[in-house]
Amino acid sequence: MRVGFVGMGRMGLPMARRAADAGHDVTAFDASPQAARRAAASGLATVDGLDGLAGCEVVCSSLPGSDDVEAVYCSGGGLLEVLEPPAVAADLSTVSVAVSRRVAAEARRRSIGFLDAPVSGTSIHAEAGTLTVMVGGPAEALSAARGVLETFSSRVERVGDNGSGLLLKLISNRLLTSYLGAIAEAVVAMERTGLDVSQGIELLRAGAAPRQLDYKAEPMAARDFAPMFTVDLMRKDLRLAAEALGAARIAGVAQAVLEETAAAGRGSEDLGALITAVERHMDGP
């Protein structure tokens, strides 16, 4: 299959290389001369402009920002002018949902398939071909592009219409950042109390904390609060933690959410009942 790649940065280059190594006829473009030279040095065919991608059946883009995506696709001489139906474009970038949906609407007008297909993972996963791709867009467009996406991914899954892939990726990144903040608080607390940090990390890893997505997410979604570990018990433990360790910003927010949950009469329910307080404070899209 003739495949174009736009964006030869830390993620784009290894993804393009994986597609080429799988036997696809890959042509790469990057507006940065240095990035284009790196792509050529890796063995990829490169072009000097987007018009060099005319005739590609699938084009993937990996770009740094929303403005870059809109410019690459919708500006004069952009990809949506260069590509011809039934070509499919898969944007692998993490960008504005609104911008991506505007690009998708223009692509539909031109009978070009367009997918928002943000990837989860790092350049290490891109090189190993183990990224996760969260896809929003037409099922038929994904069918056409799947063979390319699977060259650098271990899981490619459509989650809904255009914009849905980006929504899930942004949810994922917010979850990741919150979790990393809590991990950072745990490491600092171990350091400041004189605990053996390496030993503490190993014991935390062996405990319940790393598995909460497995344990709690589906019961939360079902609003099933049958008690396994109650809100009141965790409130007690967080009070003890504050007494022994001092204040912590992220844990303090979590404690405030638990206090609100208990004040609503849910203290004897499972810890997952905190979702009832969380949802009261979240704006809808």
# chains A, B, ... in the order shown; residues from 1 in each chain; ligands from 1
>>> select_by_dssp(residues="stretch 68-152 of chain A", states="strand (DSSP E)", output="PyMOL selection string")
chain A and resi 88-91+113-116+119-120+131-136
>>> closest_atom_pairs(of="stretch 106-199 of chain A", to="stretch 51-73 of chain A", cutoff="12 Å", atoms="only C-alpha atoms", output="JSON lines")
{"residue": "A:Glu106", "atom": "CA", "partner": "A:Tyr73", "partner_atom": "CA", "distance": 9.1}
{"residue": "A:Ala107", "atom": "CA", "partner": "A:Tyr73", "partner_atom": "CA", "distance": 8.7}
{"residue": "A:Arg110", "atom": "CA", "partner": "A:Tyr73", "partner_atom": "CA", "distance": 11.8}
{"residue": "A:Ile112", "atom": "CA", "partner": "A:Val58", "partner_atom": "CA", "distance": 10.1}
{"residue": "A:Gly113", "atom": "CA", "partner": "A:Val58", "partner_atom": "CA", "distance": 9.2}
{"residue": "A:Phe114", "atom": "CA", "partner": "A:Val59", "partner_atom": "CA", "distance": 9.6}
{"residue": "A:Leu115", "atom": "CA", "partner": "A:Cys60", "partner_atom": "CA", "distance": 9.4}
{"residue": "A:Asp116", "atom": "CA", "partner": "A:Ser61", "partner_atom": "CA", "distance": 9.9}
{"residue": "A:Ala117", "atom": "CA", "partner": "A:Cys60", "partner_atom": "CA", "distance": 9.2}
{"residue": "A:Pro118", "atom": "CA", "partner": "A:Ser62", "partner_atom": "CA", "distance": 8.8}
{"residue": "A:Val119", "atom": "CA", "partner": "A:Ser62", "partner_atom": "CA", "distance": 9.5}
{"residue": "A:Ser123", "atom": "CA", "partner": "A:Ser62", "partner_atom": "CA", "distance": 12.0}
{"residue": "A:Ala126", "atom": "CA", "partner": "A:Ser62", "partner_atom": "CA", "distance": 11.9}
{"residue": "A:Ala141", "atom": "CA", "partner": "A:Val58", "partner_atom": "CA", "distance": 9.5}
{"residue": "A:Leu142", "atom": "CA", "partner": "A:Val58", "partner_atom": "CA", "distance": 10.3}
{"residue": "A:Ser143", "atom": "CA", "partner": "A:Val58", "partner_atom": "CA", "distance": 11.1}
{"residue": "A:Ala144", "atom": "CA", "partner": "A:Val58", "partner_atom": "CA", "distance": 7.8}
{"residue": "A:Ala145", "atom": "CA", "partner": "A:Val58", "partner_atom": "CA", "distance": 6.3}
{"residue": "A:Arg146", "atom": "CA", "partner": "A:Val58", "partner_atom": "CA", "distance": 9.8}
{"residue": "A:Gly147", "atom": "CA", "partner": "A:Val58", "partner_atom": "CA", "distance": 9.9}
{"residue": "A:Val148", "atom": "CA", "partner": "A:Val58", "partner_atom": "CA", "distance": 7.9}
{"residue": "A:Leu149", "atom": "CA", "partner": "A:Cys60", "partner_atom": "CA", "distance": 8.7}
{"residue": "A:Phe152", "atom": "CA", "partner": "A:Cys60", "partner_atom": "CA", "distance": 11.8}
{"residue": "A:Leu166", "atom": "CA", "partner": "A:Ser66", "partner_atom": "CA", "distance": 11.8}
>>> select_by_dssp(residues="stretch 25-75 of chain A", states="alpha helix (DSSP H)", output="list of chain:residue names")
A:Pro33, A:Gln34, A:Ala35, A:Ala36, A:Arg37, A:Arg38, A:Ala39, A:Ala40, A:Ala41, A:Ser66, A:Asp67, A:Asp68, A:Val69, A:Glu70, A:Ala71, A:Val72, A:Tyr73, A:Cys74
>>> residues_around(residues="A:Val47", least_positions_apart="2", cutoff="7 Å", atoms="only C-alpha atoms", output="PDB file with all heavy atoms, in the first residue's frame")
ATOM      1  N   ALA A  28       7.743  10.106   3.265  1.00  0.00           N
ATOM      2  CA  ALA A  28       7.676  10.952   4.452  1.00  0.00           C
ATOM      3  C   ALA A  28       7.863  12.413   4.097  1.00  0.00           C
ATOM      4  O   ALA A  28       8.575  12.766   3.154  1.00  0.00           O
ATOM      5  CB  ALA A  28       8.744  10.523   5.462  1.00  0.00           C
ATOM      6  N   PHE A  29       7.221  13.281   4.901  1.00  0.00           N
ATOM      7  CA  PHE A  29       7.397  14.726   4.761  1.00  0.00           C
ATOM      8  C   PHE A  29       7.491  15.359   6.136  1.00  0.00           C
ATOM      9  O   PHE A  29       6.739  15.001   7.051  1.00  0.00           O
ATOM     10  CB  PHE A  29       6.234  15.360   4.011  1.00  0.00           C
ATOM     11  CG  PHE A  29       6.253  16.869   4.084  1.00  0.00           C
ATOM     12  CD1 PHE A  29       7.150  17.605   3.325  1.00  0.00           C
ATOM     13  CD2 PHE A  29       5.410  17.550   4.961  1.00  0.00           C
ATOM     14  CE1 PHE A  29       7.204  18.994   3.417  1.00  0.00           C
ATOM     15  CE2 PHE A  29       5.455  18.931   5.051  1.00  0.00           C
ATOM     16  CZ  PHE A  29       6.351  19.658   4.270  1.00  0.00           C
ATOM     17  N   GLY A  49       7.435  18.654  -0.255  1.00  0.00           N
ATOM     18  CA  GLY A  49       6.157  19.312  -0.024  1.00  0.00           C
ATOM     19  C   GLY A  49       5.027  18.304   0.083  1.00  0.00           C
ATOM     20  O   GLY A  49       5.169  17.143  -0.331  1.00  0.00           O
ATOM     21  N   GLY A  52       3.870  16.055  -2.744  1.00  0.00           N
ATOM     22  CA  GLY A  52       4.577  14.814  -3.027  1.00  0.00           C
ATOM     23  C   GLY A  52       3.871  13.586  -2.501  1.00  0.00           C
ATOM     24  O   GLY A  52       4.272  12.459  -2.809  1.00  0.00           O
TER      25      GLY A  52
END
>>> residues_around(residues="A:Leu44", least_positions_apart="5", cutoff="12 Å", atoms="only C-alpha atoms", output="VMD selection string")
chain A and resid 3 to 5 8 12 to 21 24 to 30 35 to 39
>>> closest_residue(among="A:Ala45, A:Leu50, A:Arg280, A:Leu204", to="A:Gly77", atoms="only C-alpha atoms")
A:Leu50
>>> closest_residue(among="A:Ser111, A:Ser100, A:Asn173, A:Thr132", to="A:Val88", atoms="only C-alpha atoms")
A:Ser111
>>> closest_residue(among="A:Ser93, A:Leu79, A:Ala277, A:Leu245", to="A:Glu191", atoms="only C-alpha atoms")
A:Leu245
>>> closest_residue(among="A:Val231, A:Ala87, A:Leu195, A:Met11", to="A:Gly265", atoms="only C-alpha atoms")
A:Val231
>>> residues_around(residues="A:Ala273", least_positions_apart="2", cutoff="8 Å", atoms="only C-alpha atoms", output="MDAnalysis selection string")
chainID A and resid 220 223 225 231 261 266 269:271 275:277
>>> write_last_selection(atoms="N, CA, C and O atoms", output="JSON list (two decimals), in the first residue's frame")
[["chain", "number", "residue", "atom", "x", "y", "z"],
["A", 220, "MET", "N", -17.82, 1.51, 39.50],
["A", 220, "MET", "CA", -18.18, 2.93, 39.49],
["A", 220, "MET", "C", -19.14, 3.25, 38.35],
["A", 220, "MET", "O", -20.15, 3.93, 38.53],
["A", 223, "ARG", "N", -22.44, 2.25, 39.07],
["A", 223, "ARG", "CA", -22.93, 2.82, 40.32],
["A", 223, "ARG", "C", -23.25, 1.70, 41.33],
["A", 223, "ARG", "O", -24.26, 1.74, 42.03],
["A", 225, "PHE", "N", -22.07, 0.27, 44.63],
["A", 225, "PHE", "CA", -21.26, 0.69, 45.76],
["A", 225, "PHE", "C", -21.34, -0.31, 46.91],
["A", 225, "PHE", "O", -21.21, 0.07, 48.09],
["A", 231, "VAL", "N", -16.13, 4.32, 52.40],
["A", 231, "VAL", "CA", -15.76, 5.73, 52.39],
["A", 231, "VAL", "C", -15.29, 6.15, 53.78],
["A", 231, "VAL", "O", -14.26, 6.83, 53.94],
["A", 261, "THR", "N", -18.64, 13.12, 49.94],
["A", 261, "THR", "CA", -19.37, 11.87, 49.72],
["A", 261, "THR", "C", -20.04, 11.40, 51.01],
["A", 261, "THR", "O", -21.22, 11.00, 51.02],
["A", 266, "ARG", "N", -23.22, 8.67, 52.29],
["A", 266, "ARG", "CA", -22.66, 7.48, 51.65],
["A", 266, "ARG", "C", -21.41, 6.96, 52.38],
["A", 266, "ARG", "O", -20.65, 6.21, 51.80],
["A", 269, "GLU", "N", -20.87, 3.19, 52.29],
["A", 269, "GLU", "CA", -20.79, 2.55, 50.98],
["A", 269, "GLU", "C", -19.33, 2.39, 50.56],
["A", 269, "GLU", "O", -18.41, 2.90, 51.20],
["A", 270, "ASP", "N", -19.13, 1.68, 49.46],
["A", 270, "ASP", "CA", -17.77, 1.44, 48.98],
["A", 270, "ASP", "C", -17.11, 2.75, 48.58],
["A", 270, "ASP", "O", -17.77, 3.72, 48.18],
["A", 271, "LEU", "N", -15.78, 2.73, 48.67],
["A", 271, "LEU", "CA", -14.97, 3.89, 48.31],
["A", 271, "LEU", "C", -15.31, 4.44, 46.92],
["A", 271, "LEU", "O", -15.22, 5.64, 46.66],
["A", 275, "ILE", "N", -17.50, 8.77, 43.23],
["A", 275, "ILE", "CA", -17.88, 9.23, 41.89],
["A", 275, "ILE", "C", -19.12, 10.11, 41.95],
["A", 275, "ILE", "O", -19.30, 11.01, 41.12],
["A", 276, "THR", "N", -19.97, 9.91, 42.96],
["A", 276, "THR", "CA", -21.20, 10.72, 43.06],
["A", 276, "THR", "C", -20.87, 12.17, 43.40],
["A", 276, "THR", "O", -21.61, 13.09, 43.02],
["A", 277, "ALA", "N", -19.78, 12.39, 44.15],
["A", 277, "ALA", "CA", -19.34, 13.76, 44.43],
["A", 277, "ALA", "C", -18.58, 14.33, 43.24],
["A", 277, "ALA", "O", -18.75, 15.50, 42.88]]
